Each structure stands twice: as C-alpha cells, then as structure tokens.
Amino acid sequence: MPVNTSAVGKQYPPVTYAVGREKVKEYASAVGETNPLHLDPAAARAAGYDDVVAPPMFAVVYQSGAVMPGIFDPEVGINFAMMVHSGQDFRWERVVVAGEELTTQAKVANIEEKGGMGFYDFEVVTQDAGGATVCTGIWKMIVRGV
Amino acid sequence: MAASYEPGAELPELKITPDRFLTVRYAGASGDFNPIHIDEEFAKSVGLPGRILHGLWSMAQVARAQTEAAGGPEKLKALSVQFRGMGLLEQEVVVTSAVKAVDDGVATVEAEARQGDTRIVRNAVAEIALD
C-alpha cells in the first residue's frame, strides 16, 4: 500500500509550554547533567541567566506535545505499532531558561516511500514570547511494511 | 575548560552506565511513556530483549558530550543524529567525538554513541560555536 502524501505541508495547532525550574532540574538529572547551570538557580544567576538553563536536549520536552498530533493524525496514516524514531535534528538559536513561555508549531515536512518503508519527517519550530525562533527540530519517523 | 577544536582532534569521551530504573526516570522527565522503555513483559512481547533505552536519552548523551567538551550548553548550535541499534540498560554507553572541520568560528563535530560493538546513535553531527 503506497504512503499517502496528501498531508505534506499540513500544520498543527501551536502548543504553549511553560518552562519550569523543577522540570528542568528533573530532566537534567535524568540525562546525567552535572553542570550547575541546569540544577542550581544561584549558579545560573551568577552566570547571568534569570534562572536554571534548560539543557539543549530539553527541546524534546517542549516540542513533543506539538509533534504528537501529527504522528497520530489519521491523515498522515502512521502505523504506530510499526514506527521507529529513526533520526532527529535540532538547531538552537539560544538556550532557554526556567520561567519562559514557549510556543511550538509542527508541520508535516515530508512523506515518502523507499524500499517498502514509509519515511515521515515533521518540522517543529519553537518561538519565545517575543516571536523569535529559539529551536527548530526535525523529527524523523520510519514505518516498516507500508 | 573547553577542549581544543582542531580538525581531526578527538574530543573527550563521555561514559555513562544507565541503571535499571533509568528509563523510568527518563520517561517521567521527558513524557515518553512508551511501554517498550518501562515494561519488561511488554518489551519482550513485541520481540525485544527487554526494556530498551529511549533514543532521545542516548542523543542527550551525545549532546552532553558536546556541551561538556565545549564548556557550556550555549555552545551547542545544532545536532543531528540517526538512531539504529537498541540501547540496553545496565550496559556502559560510550560517546566518542572528533572534530571534522572548523570554519568561521563554528566547529563541525562527528560523534557516535556505542554500547560494546553496537552503535546506538550513529552519524551524529554537531555544530559548536567557538569563542
């Protein structure tokens, strides 16, 4: 069954995420961060930040809520049981700190079929309260046996 | 202290061994509660050897290797990776990185994360801002 490419370009509603100090610390601890910028508000302030700094890969946390509606969209048609997360790109314009409110929007960047597998790429852009882009992610999924 | 970024230079290795509850903590921290990461019986029922690491946790180790080598989180400007082999609990993860090129204040670093002979993150490319 060929993949359905009609959803390419489809955008999903923006999702707002409030970056919380304890969430940043929880995430930083789970990935093994020891840099006090991520864990200690006093250390972060001493370095010139308003609060603890999110590790760059915290982008996963503030972007995933925006990309999930695309992954589960019937029009995209991903068979979730056969899906693997095959690759991930992030580009960061700056670090984010606790206390910020971010808005993230996902769109279907590409759908194609190669060798019996479906390739689904989602482009996910996160902006700060001023409308400046802070992070762009490309979430790449492969579905076997399409 | 930032590493020396010269083309061909190898950056410090990062080593970490995920304990048996790591995927539970990461699931809570990240919001990814896919049962293949946290439910041993479910993972085996779908043909896996057991619970497997979240790919994005493994990617975070590649990112951490870069921010630690470069001297801070603000140095990491971009990271792209491919996920392939399954990452397992209670086995050491080793991230290796080497400088591919330096151009206009930006170092391009190639990296991978391995467990033994299994590459769990491959073809990683990072862009590092140099001061």
# chains A, B, ... in the order shown; residues from 1 in each chain; ligands from 1
>>> closest_atom_pairs(of="stretch 27-75 of chain B", to="stretch 68-89 of chain A", cutoff="9 Å", atoms="only C-alpha atoms", output="CSV")
residue,atom,partner,partner_atom,distance
B:Gly55,CA,A:His85,CA,7.6
B:Leu56,CA,A:Gln88,CA,8.3
B:Met59,CA,A:Gln88,CA,8.6
>>> residues_around(residues="stretch 102-119 of chain A", least_positions_apart="3", cutoff="8 Å", atoms="only C-alpha atoms", output="number ranges by chain")
A: 2-5, 7-19, 62-63, 66-67, 70, 122-129, 140-146
>>> select_by_dssp(residues="stretch 18-114 of chain A", states="alpha helix (DSSP H)", output="ChimeraX atom specification")
/A:21-30,36-39,41-46,59-71
>>> closest_atom_pairs(of="chain A", to="chain B", cutoff="10 Å", atoms="only C-alpha atoms", output="Markdown table")
| residue | atom | partner | partner_atom | distance |
| --- | --- | --- | --- | --- |
| A:Lys23 | CA | B:Ala29 | CA | 7.1 |
| A:Val24 | CA | B:Ala29 | CA | 8.6 |
| A:Lys25 | CA | B:Ala29 | CA | 9.1 |
| A:Glu26 | CA | B:Ala29 | CA | 5.9 |
| A:Tyr27 | CA | B:Ala29 | CA | 4.9 |
| A:Ala28 | CA | B:Ala29 | CA | 8.5 |
| A:Ser29 | CA | B:Ala29 | CA | 8.8 |
| A:Ala30 | CA | B:Tyr26 | CA | 5.3 |
| A:Val31 | CA | B:Trp57 | CA | 6.4 |
| A:Gly32 | CA | B:Gln61 | CA | 8.0 |
| A:Glu33 | CA | B:Arg64 | CA | 7.2 |
| A:Thr34 | CA | B:Glu68 | CA | 9.5 |
| A:Asn35 | CA | B:Gly72 | CA | 8.1 |
| A:Leu37 | CA | B:Gly72 | CA | 8.7 |
| A:His38 | CA | B:Pro73 | CA | 9.2 |
| A:Val53 | CA | B:Pro73 | CA | 8.2 |
| A:Ala54 | CA | B:Pro73 | CA | 8.3 |
| A:Pro55 | CA | B:Pro73 | CA | 6.2 |
| A:Pro56 | CA | B:Pro73 | CA | 6.4 |
| A:Met57 | CA | B:Ala60 | CA | 5.8 |
| A:Phe58 | CA | B:Ser30 | CA | 8.1 |
| A:Ala59 | CA | B:Ser30 | CA | 9.7 |
| A:Val60 | CA | B:Ser30 | CA | 7.0 |
| A:Val61 | CA | B:Ser30 | CA | 5.4 |
| A:Tyr62 | CA | B:Ser30 | CA | 9.1 |
| A:Ser64 | CA | B:Gly31 | CA | 8.3 |
| A:Gly65 | CA | B:Gly31 | CA | 8.9 |
| A:Ala81 | CA | B:Val46 | CA | 9.5 |
| A:Val84 | CA | B:Phe83 | CA | 8.8 |
| A:His85 | CA | B:Phe83 | CA | 7.0 |
| A:Ser86 | CA | B:Phe83 | CA | 5.1 |
| A:Gly87 | CA | B:Gln82 | CA | 4.1 |
| A:Gln88 | CA | B:Val81 | CA | 5.5 |
| A:Asp89 | CA | B:Ser80 | CA | 4.0 |
| A:Phe90 | CA | B:Leu79 | CA | 5.4 |
| A:Arg91 | CA | B:Ala78 | CA | 4.2 |
| A:Trp92 | CA | B:Lys77 | CA | 5.0 |
| A:Glu93 | CA | B:Lys77 | CA | 6.7 |
| A:Arg94 | CA | B:Glu74 | CA | 6.4 |
| A:Val95 | CA | B:Glu74 | CA | 5.8 |
| A:Val96 | CA | B:Glu74 | CA | 9.4 |
| A:Cys135 | CA | B:Ala78 | CA | 9.3 |
| A:Thr136 | CA | B:Ala78 | CA | 9.3 |
| A:Gly137 | CA | B:Ser80 | CA | 9.3 |
| A:Ile138 | CA | B:Ser80 | CA | 8.8 |
| A:Lys140 | CA | B:Gln82 | CA | 9.0 |
>>> atom_distance(atom1="atom CA of B:Ala111", atom2="atom CA of B:Ala98")
6.4 Å
>>> select_by_dssp(residues="stretch 14-99 of chain B", states="strand (DSSP E)", output="PyMOL selection string")
chain B and resi 14-16+76-83+93-99
>>> write_last_selection(atoms="C-alpha atoms", output="short mmCIF file (atom, residue, chain, number, x, y, z; two decimals), in the first residue's frame")
data_model
loop_
_atom_site.label_atom_id
_atom_site.label_comp_id
_atom_site.auth_asym_id
_atom_site.auth_seq_id
_atom_site.Cartn_x
_atom_site.Cartn_y
_atom_site.Cartn_z
CA LEU B 14 31.69 10.55 27.72
CA LYS B 15 30.86 7.32 29.57
CA ILE B 16 27.67 6.58 31.47
CA LEU B 76 25.84 23.66 21.02
CA LYS B 77 24.14 25.20 17.99
CA ALA B 78 22.91 22.11 16.16
CA LEU B 79 22.86 18.34 16.48
CA SER B 80 21.56 15.74 14.08
CA VAL B 81 21.62 12.00 14.70
CA GLN B 82 20.37 8.66 13.44
CA PHE B 83 19.03 6.01 15.80
CA VAL B 93 27.33 3.90 26.88
CA VAL B 94 30.44 5.49 25.36
CA VAL B 95 30.19 8.66 23.28
CA THR B 96 33.13 9.42 21.01
CA SER B 97 33.54 12.65 19.09
CA ALA B 98 36.04 14.06 16.62
CA VAL B 99 36.36 17.47 15.01
#
>>> closest_residue(among="B:Glu10, B:Asp104, B:Glu90, B:Asp39", to="B:Ile128", atoms="only C-alpha atoms")
B:Asp104
>>> residues_around(residues="B:Leu89", least_positions_apart="4", cutoff="7 Å", atoms="only C-alpha atoms", output="PyMOL selection string")
chain B and resi 18-20+52-53
>>> atom_distance(atom1="atom CA of B:Ala101", atom2="atom CA of B:Leu130")
12.1 Å
>>> decode(residues="stretch 16-33 of chain A", atoms="N, CA and C atoms", output="CSV table (one decimal), in the first residue's frame")
chain,number,residue,atom,x,y,z
A,16,THR,N,1.6,25.7,23.6
A,16,THR,CA,2.4,26.6,24.5
A,16,THR,C,3.0,25.7,25.7
A,17,TYR,N,4.2,26.0,26.0
A,17,TYR,CA,4.9,25.3,27.1
A,17,TYR,C,5.6,26.2,28.0
A,18,ALA,N,5.3,26.1,29.3
A,18,ALA,CA,5.9,27.0,30.3
A,18,ALA,C,7.1,26.2,30.9
A,19,VAL,N,8.3,26.8,30.7
A,19,VAL,CA,9.5,26.1,31.2
A,19,VAL,C,9.6,26.3,32.7
A,20,GLY,N,9.5,25.2,33.4
A,20,GLY,CA,9.6,25.2,34.9
A,20,GLY,C,10.9,24.8,35.5
A,21,ARG,N,11.3,25.5,36.6
A,21,ARG,CA,12.6,25.2,37.2
A,21,ARG,C,12.7,23.7,37.6
A,22,GLU,N,11.7,23.2,38.3
A,22,GLU,CA,11.8,21.8,38.8
A,22,GLU,C,11.8,20.8,37.6
A,23,LYS,N,11.1,21.2,36.5
A,23,LYS,CA,11.1,20.3,35.4
A,23,LYS,C,12.5,20.2,34.7
A,24,VAL,N,13.1,21.4,34.6
A,24,VAL,CA,14.4,21.5,34.0
A,24,VAL,C,15.4,20.6,34.9
A,25,LYS,N,15.3,20.8,36.2
A,25,LYS,CA,16.2,20.0,37.0
A,25,LYS,C,15.9,18.5,36.9
A,26,GLU,N,14.6,18.1,36.9
A,26,GLU,CA,14.3,16.7,36.7
A,26,GLU,C,14.8,16.1,35.4
A,27,TYR,N,14.7,16.9,34.3
A,27,TYR,CA,15.2,16.4,33.0
A,27,TYR,C,16.7,16.4,33.1
A,28,ALA,N,17.3,17.4,33.6
A,28,ALA,CA,18.8,17.4,33.6
A,28,ALA,C,19.3,16.3,34.4
A,29,SER,N,18.7,15.9,35.5
A,29,SER,CA,19.1,14.8,36.4
A,29,SER,C,19.0,13.5,35.6
A,30,ALA,N,17.9,13.4,34.9
A,30,ALA,CA,17.6,12.1,34.2
A,30,ALA,C,18.6,11.8,33.0
A,31,VAL,N,19.2,12.9,32.5
A,31,VAL,CA,20.1,12.7,31.4
A,31,VAL,C,21.6,12.8,31.9
A,32,GLY,N,21.7,12.9,33.2
A,32,GLY,CA,23.1,12.8,33.8
A,32,GLY,C,23.8,14.2,33.8
A,33,GLU,N,23.1,15.3,33.6
A,33,GLU,CA,23.8,16.6,33.6
A,33,GLU,C,24.3,16.9,35.0
